[in-house]
>>> print(open('target.cif').read())   # mmCIF, C-alpha atoms
data_protein
loop_
_atom_site.group_PDB
_atom_site.id
_atom_site.type_symbol
_atom_site.label_atom_id
_atom_site.label_comp_id
_atom_site.auth_asym_id
_atom_site.auth_seq_id
_atom_site.Cartn_x
_atom_site.Cartn_y
_atom_site.Cartn_z
ATOM 1 C CA MET R 1285 -196.392 44.993 -8.395
ATOM 2 C CA ARG R 1286 -199.936 45.518 -7.101
ATOM 3 C CA PHE R 1287 -198.990 49.125 -6.129
ATOM 4 C CA LEU R 1288 -197.685 49.843 -9.621
ATOM 5 C CA LYS R 1289 -201.053 49.449 -11.358
ATOM 6 C CA PRO R 1290 -202.905 52.131 -9.290
ATOM 7 C CA ALA R 1291 -199.921 54.502 -9.575
ATOM 8 C CA LEU R 1292 -199.743 53.978 -13.326
ATOM 9 C CA SER R 1293 -203.500 54.563 -13.637
ATOM 10 C CA ALA R 1294 -203.175 57.826 -11.703
ATOM 11 C CA VAL R 1295 -200.339 59.019 -13.968
ATOM 12 C CA VAL R 1296 -202.325 58.148 -17.110
ATOM 13 C CA ALA R 1297 -205.391 60.001 -15.754
ATOM 14 C CA LEU R 1298 -203.288 63.085 -14.914
ATOM 15 C CA LEU R 1299 -201.651 63.111 -18.352
ATOM 16 C CA SER R 1300 -205.043 62.717 -20.010
ATOM 17 C CA MET R 1301 -206.509 65.664 -18.064
ATOM 18 C CA THR R 1302 -203.449 67.810 -18.840
ATOM 19 C CA LEU R 1303 -203.575 66.983 -22.540
ATOM 20 C CA THR R 1304 -207.316 67.680 -22.684
ATOM 21 C CA SER R 1305 -206.877 71.084 -21.039
ATOM 22 C CA LEU R 1306 -203.969 71.986 -23.330
ATOM 23 C CA LEU R 1307 -205.934 71.072 -26.455
ATOM 24 C CA ALA R 1308 -208.950 73.052 -25.254
ATOM 25 C CA ALA R 1309 -206.883 76.131 -24.371
ATOM 26 C CA GLU R 1310 -207.234 79.136 -26.650
ATOM 27 C CA PRO R 1311 -204.113 80.693 -28.168
ATOM 28 C CA ALA R 1312 -202.693 83.593 -26.206
ATOM 29 C CA LYS R 1313 -204.408 86.833 -27.105
ATOM 30 C CA PRO R 1314 -202.407 89.995 -27.749
ATOM 31 C CA GLN R 1315 -202.176 92.062 -24.590
ATOM 32 C CA THR R 1316 -200.580 95.397 -25.548
ATOM 33 C CA THR R 1317 -201.456 97.940 -28.222
ATOM 34 C CA GLY R 1318 -198.334 96.939 -30.147
ATOM 35 C CA GLU R 1319 -199.207 93.235 -29.982
ATOM 36 C CA ARG R 1320 -202.728 93.948 -31.238
ATOM 37 C CA LEU R 1321 -201.406 96.102 -34.096
ATOM 38 C CA LEU R 1322 -198.810 93.520 -35.066
ATOM 39 C CA SER R 1323 -201.252 90.608 -34.890
ATOM 40 C CA GLU R 1324 -203.557 92.433 -37.288
ATOM 41 C CA LEU R 1325 -200.677 93.356 -39.614
ATOM 42 C CA TRP R 1326 -199.438 89.748 -39.787
ATOM 43 C CA ALA R 1327 -202.965 88.440 -40.409
ATOM 44 C CA LYS R 1328 -204.107 90.965 -43.009
ATOM 45 C CA VAL R 1329 -200.961 92.097 -44.820
ATOM 46 C CA TYR R 1330 -198.951 88.874 -45.058
ATOM 47 C CA ASN R 1331 -201.778 86.333 -45.348
ATOM 48 C CA PRO R 1332 -204.577 86.000 -47.904
ATOM 49 C CA PRO R 1333 -206.562 87.856 -48.806
ATOM 50 C CA GLN R 1334 -203.702 90.338 -48.665
ATOM 51 C CA ASP R 1335 -204.880 93.868 -47.814
ATOM 52 C CA LEU R 1336 -202.077 96.415 -48.081
ATOM 53 C CA SER R 1337 -204.432 99.275 -47.170
ATOM 54 C CA VAL R 1338 -204.220 98.041 -43.557
ATOM 55 C CA ILE R 1339 -200.682 99.496 -43.508
ATOM 56 C CA ASP R 1340 -202.185 103.008 -43.720
ATOM 57 C CA ARG R 1341 -204.180 102.433 -40.545
ATOM 58 C CA LEU R 1342 -201.592 100.501 -38.498
ATOM 59 C CA CYS R 1343 -198.303 102.212 -39.418
ATOM 60 C CA ASN R 1344 -197.061 105.772 -39.006
ATOM 61 C CA GLU R 1345 -196.638 107.788 -42.227
ATOM 62 C CA ASP R 1346 -192.853 107.788 -41.696
ATOM 63 C CA PHE R 1347 -192.731 104.022 -40.966
ATOM 64 C CA ILE R 1348 -189.300 102.410 -41.482
ATOM 65 C CA LEU R 1349 -188.568 98.785 -42.324
ATOM 66 C CA THR R 1350 -184.927 97.864 -41.756
ATOM 67 C CA THR R 1351 -184.098 94.627 -43.571
ATOM 68 C CA SER R 1352 -180.856 93.276 -45.009
ATOM 69 C CA GLY R 1353 -179.079 96.373 -43.697
ATOM 70 C CA LYS R 1354 -181.249 98.759 -45.727
ATOM 71 C CA ASP R 1355 -184.082 101.072 -44.751
ATOM 72 C CA VAL R 1356 -187.413 101.147 -46.570
ATOM 73 C CA VAL R 1357 -188.868 104.514 -45.558
ATOM 74 C CA GLY R 1358 -192.529 105.509 -45.609
ATOM 75 C CA ARG R 1359 -195.798 103.619 -45.858
ATOM 76 C CA ALA R 1360 -195.909 103.751 -49.667
ATOM 77 C CA ALA R 1361 -192.403 102.277 -49.919
ATOM 78 C CA PHE R 1362 -193.297 99.622 -47.331
ATOM 79 C CA LYS R 1363 -196.380 98.627 -49.351
ATOM 80 C CA GLU R 1364 -194.242 98.309 -52.486
ATOM 81 C CA TRP R 1365 -191.695 96.201 -50.551
ATOM 82 C CA VAL R 1366 -194.474 93.874 -49.296
ATOM 83 C CA ARG R 1367 -195.950 93.637 -52.801
ATOM 84 C CA ASN R 1368 -192.530 92.692 -54.244
ATOM 85 C CA PHE R 1369 -191.718 90.256 -51.417
ATOM 86 C CA SER R 1370 -195.118 88.559 -51.673
ATOM 87 C CA SER R 1371 -194.869 88.202 -55.451
ATOM 88 C CA ARG R 1372 -191.914 85.858 -54.973
ATOM 89 C CA ILE R 1373 -193.817 83.402 -52.740
ATOM 90 C CA ARG R 1374 -197.005 81.760 -54.015
ATOM 91 C CA ASP R 1375 -199.542 80.953 -51.293
ATOM 92 C CA LEU R 1376 -197.524 82.893 -48.730
ATOM 93 C CA ARG R 1377 -198.561 82.150 -45.143
ATOM 94 C CA LEU R 1378 -196.962 83.884 -42.167
ATOM 95 C CA THR R 1379 -197.542 82.271 -38.781
ATOM 96 C CA ASN R 1380 -196.643 84.139 -35.618
ATOM 97 C CA LEU R 1381 -194.939 81.738 -33.197
ATOM 98 C CA ASP R 1382 -194.164 84.052 -30.281
ATOM 99 C CA MET R 1383 -194.761 87.658 -29.348
ATOM 100 C CA PHE R 1384 -193.944 89.780 -26.325
ATOM 101 C CA SER R 1385 -193.648 93.456 -25.441
ATOM 102 C CA SER R 1386 -191.272 95.610 -23.472
ATOM 103 C CA ALA R 1387 -192.504 96.771 -20.056
ATOM 104 C CA ASP R 1388 -193.293 100.263 -21.384
ATOM 105 C CA GLY R 1389 -195.017 98.936 -24.531
ATOM 106 C CA THR R 1390 -192.735 100.762 -26.976
ATOM 107 C CA ARG R 1391 -191.229 97.542 -28.393
ATOM 108 C CA VAL R 1392 -192.776 94.285 -29.578
ATOM 109 C CA VAL R 1393 -190.687 91.257 -30.500
ATOM 110 C CA SER R 1394 -192.097 88.517 -32.676
ATOM 111 C CA ARG R 1395 -190.783 85.163 -33.874
ATOM 112 C CA TRP R 1396 -192.458 83.839 -37.002
ATOM 113 C CA VAL R 1397 -192.342 81.362 -39.888
ATOM 114 C CA VAL R 1398 -193.216 81.906 -43.553
ATOM 115 C CA LYS R 1399 -194.266 79.063 -45.831
ATOM 116 C CA GLY R 1400 -195.187 79.018 -49.501
ATOM 117 C CA TYR R 1401 -193.812 78.158 -52.936
ATOM 118 C CA ASN R 1402 -190.857 79.728 -54.733
ATOM 119 C CA GLN R 1403 -191.717 82.240 -57.427
ATOM 120 C CA GLY R 1404 -188.197 83.590 -57.959
ATOM 121 C CA MET R 1405 -186.729 84.314 -54.529
ATOM 122 C CA PHE R 1406 -183.077 85.442 -54.608
ATOM 123 C CA GLY R 1407 -183.155 85.529 -58.402
ATOM 124 C CA THR R 1408 -183.774 81.785 -58.650
ATOM 125 C CA PRO R 1409 -186.131 80.351 -61.268
ATOM 126 C CA ALA R 1410 -189.796 80.277 -60.245
ATOM 127 C CA ASP R 1411 -189.812 76.504 -59.756
ATOM 128 C CA ASP R 1412 -192.704 76.312 -57.282
ATOM 129 C CA GLN R 1413 -190.392 74.541 -54.823
ATOM 130 C CA PRO R 1414 -191.749 74.647 -51.243
ATOM 131 C CA VAL R 1415 -190.098 77.361 -49.163
ATOM 132 C CA GLU R 1416 -190.036 77.822 -45.435
ATOM 133 C CA PHE R 1417 -188.007 80.263 -43.395
ATOM 134 C CA THR R 1418 -188.073 81.750 -39.939
ATOM 135 C CA GLY R 1419 -187.463 85.226 -38.653
ATOM 136 C CA ILE R 1420 -187.404 87.533 -35.699
ATOM 137 C CA ALA R 1421 -188.694 91.087 -35.858
ATOM 138 C CA VAL R 1422 -188.389 93.936 -33.363
ATOM 139 C CA TRP R 1423 -191.055 96.594 -33.735
ATOM 140 C CA GLU R 1424 -191.171 100.129 -32.347
ATOM 141 C CA VAL R 1425 -194.596 101.397 -31.300
ATOM 142 C CA ARG R 1426 -195.060 105.179 -31.274
ATOM 143 C CA ASP R 1427 -198.242 107.234 -30.943
ATOM 144 C CA GLY R 1428 -200.410 104.100 -31.011
ATOM 145 C CA LYS R 1429 -199.029 102.853 -34.348
ATOM 146 C CA LEU R 1430 -196.179 100.742 -35.672
ATOM 147 C CA ALA R 1431 -193.226 103.058 -36.338
ATOM 148 C CA HIS R 1432 -190.153 100.936 -37.151
ATOM 149 C CA ASN R 1433 -189.425 97.276 -37.832
ATOM 150 C CA TRP R 1434 -186.000 95.643 -37.680
ATOM 151 C CA VAL R 1435 -186.187 92.163 -39.192
ATOM 152 C CA GLU R 1436 -183.773 89.246 -39.469
ATOM 153 C CA ARG R 1437 -184.663 86.029 -41.251
ATOM 154 C CA SER R 1438 -183.074 82.724 -42.198
ATOM 155 C CA ALA R 1439 -182.557 83.896 -45.792
ATOM 156 C CA TYR R 1440 -179.074 82.408 -46.201
ATOM 157 C CA GLU R 1441 -180.268 78.894 -45.388
ATOM 158 C CA LEU R 1442 -183.254 79.265 -47.720
ATOM 159 C CA MET R 1443 -181.048 80.593 -50.520
ATOM 160 C CA GLN R 1444 -178.741 77.571 -50.152
ATOM 161 C CA LYS R 1445 -181.724 75.216 -50.425
ATOM 162 C CA LEU R 1446 -183.160 76.970 -53.495
ATOM 163 C CA GLN R 1447 -179.775 77.023 -55.255
ATOM 164 C CA ALA R 1448 -178.897 73.395 -54.468
ATOM 165 C CA PRO R 1449 -178.627 71.100 -57.508
ATOM 166 C CA LYS R 1450 -181.816 69.170 -58.112
#
>>> encode(input="target.cif", output="structure tokens")
Amino acid sequence: MRFLKPALSAVVALLSMTLTSLLAAEPAKPQTTGERLLSELWAKVYNPPQDLSVIDRLCNEDFILTTSGKDVVGRAAFKEWVRNFSSRIRDLRLTNLDMFSSADGTRVVSRWVVKGYNQGMFGTPADDQPVEFTGIAVWEVRDGKLAHNWVERSAYELMQKLQAPK
């Protein structure tokens, strides 16, 4: 029993030091051009104050968004898609959870979560119900800009929640 107390104290001290260093650690910083571009796009286009003009600087003119099996082609069409998407979620906040790049830097994969309040998603009434959904996006980087985005999100699960009887 007398050996247990010093061992337990050592474990507690180690856990305390580990926790302190984890809490003090800064979030991982984007490493590749694509990760830097995408981090800025997430922060400035999908979070307040929303600035759609950033799309002109970060995306190629012929940018393509592939979502729900359809292509949105061109920066102007992408801006309109973002405007429409954002109008259906009050206080939209997109948080990037994970991001990594291919070895050659031509692809970036991100895992994210969106939170906000329903303003008519999926044709439902704008009931201000809290919404939260996750997604994974694969981005092509070409000529130092974002060129194509393929996105999948947990829309089915969110639609079920929004359509459930209250």
>>> atom_distance(input="target.cif", atom1="atom CA of R:Lys1429", atom2="atom CA of R:Arg1320")
10.1 Å
>>> resolve_selection(input="target.cif", expression="the PyMOL selection byres ((chain R and resi 1427) around 10)", output="NGL selection string")
:R and (1343-1344 or 1390 or 1425-1426 or 1428-1431)
>>> write_last_selection(input="target.cif", atoms="C-alpha atoms", output="PDB file, keeping the file's coordinate frame")
ATOM      1  CA  CYS R1343    -198.303 102.212 -39.418  1.00  0.00           C
ATOM      2  CA  ASN R1344    -197.061 105.772 -39.006  1.00  0.00           C
ATOM      3  CA  THR R1390    -192.735 100.762 -26.976  1.00  0.00           C
ATOM      4  CA  VAL R1425    -194.596 101.397 -31.300  1.00  0.00           C
ATOM      5  CA  ARG R1426    -195.060 105.179 -31.274  1.00  0.00           C
ATOM      6  CA  GLY R1428    -200.410 104.100 -31.011  1.00  0.00           C
ATOM      7  CA  LYS R1429    -199.029 102.853 -34.348  1.00  0.00           C
ATOM      8  CA  LEU R1430    -196.179 100.742 -35.672  1.00  0.00           C
ATOM      9  CA  ALA R1431    -193.226 103.058 -36.338  1.00  0.00           C
TER      10      ALA R1431
END
>>> atom_distance(input="target.cif", atom1="atom CA of R:His1432", atom2="atom CA of R:Phe1347")
5.5 Å
>>> resolve_selection(input="target.cif", expression="the PyMOL selection byres ((chain R and resi 1374) around 7)", output="count of residues only")
9
>>> closest_residue(input="target.cif", among="R:Ser1386, R:Thr1351, R:Gln1334, R:Ser1370", to="R:Arg1437", atoms="only C-alpha atoms")
R:Thr1351
>>> residues_around(input="target.cif", residues="R:Lys1399", least_positions_apart="5", cutoff="8 Å", atoms="only C-alpha atoms", output="compact mmCIF listing (two decimals) with C-alpha atoms, keeping the file's coordinate frame")
# COMPACT_ATOMS: atom_id res chain seq x y z
CA ASP R 1375 -199.54 80.95 -51.29
CA LEU R 1376 -197.52 82.89 -48.73
CA ARG R 1377 -198.56 82.15 -45.14
CA LEU R 1378 -196.96 83.88 -42.17
CA PRO R 1414 -191.75 74.65 -51.24
CA VAL R 1415 -190.10 77.36 -49.16
CA GLU R 1416 -190.04 77.82 -45.44
CA PHE R 1417 -188.01 80.26 -43.40
>>> resolve_selection(input="target.cif", expression="the PyMOL selection byres ((chain R and resi 1446) around 10)", output="PyMOL selection string")
chain R and resi 1402+1404-1409+1411+1413-1415+1440-1445+1447-1450
>>> atom_distance(input="target.cif", atom1="atom CA of R:Ala1421", atom2="atom CA of R:Phe1369")
15.9 Å
>>> residues_near_point(input="target.cif", point="(-186.3, 105.3, -45.2)", cutoff="8 Å", atoms="all atoms listed in the file", output="PyMOL selection string")
chain R and resi 1346-1349+1355-1358
>>> closest_residue(input="target.cif", among="R:Gly1353, R:Gly1419, R:Phe1362, R:Gln1315", to="R:Ser1337", atoms="only C-alpha atoms")
R:Phe1362
>>> closest_residue(input="target.cif", among="R:Val1422, R:Ser1352, R:Arg1395, R:Val1366", to="R:Asn1331", atoms="all atoms listed in the file")
R:Val1366
>>> closest_residue(input="target.cif", among="R:Leu1381, R:Ala1327, R:Val1392, R:Val1398", to="R:Asn1433", atoms="all atoms listed in the file")
R:Val1392
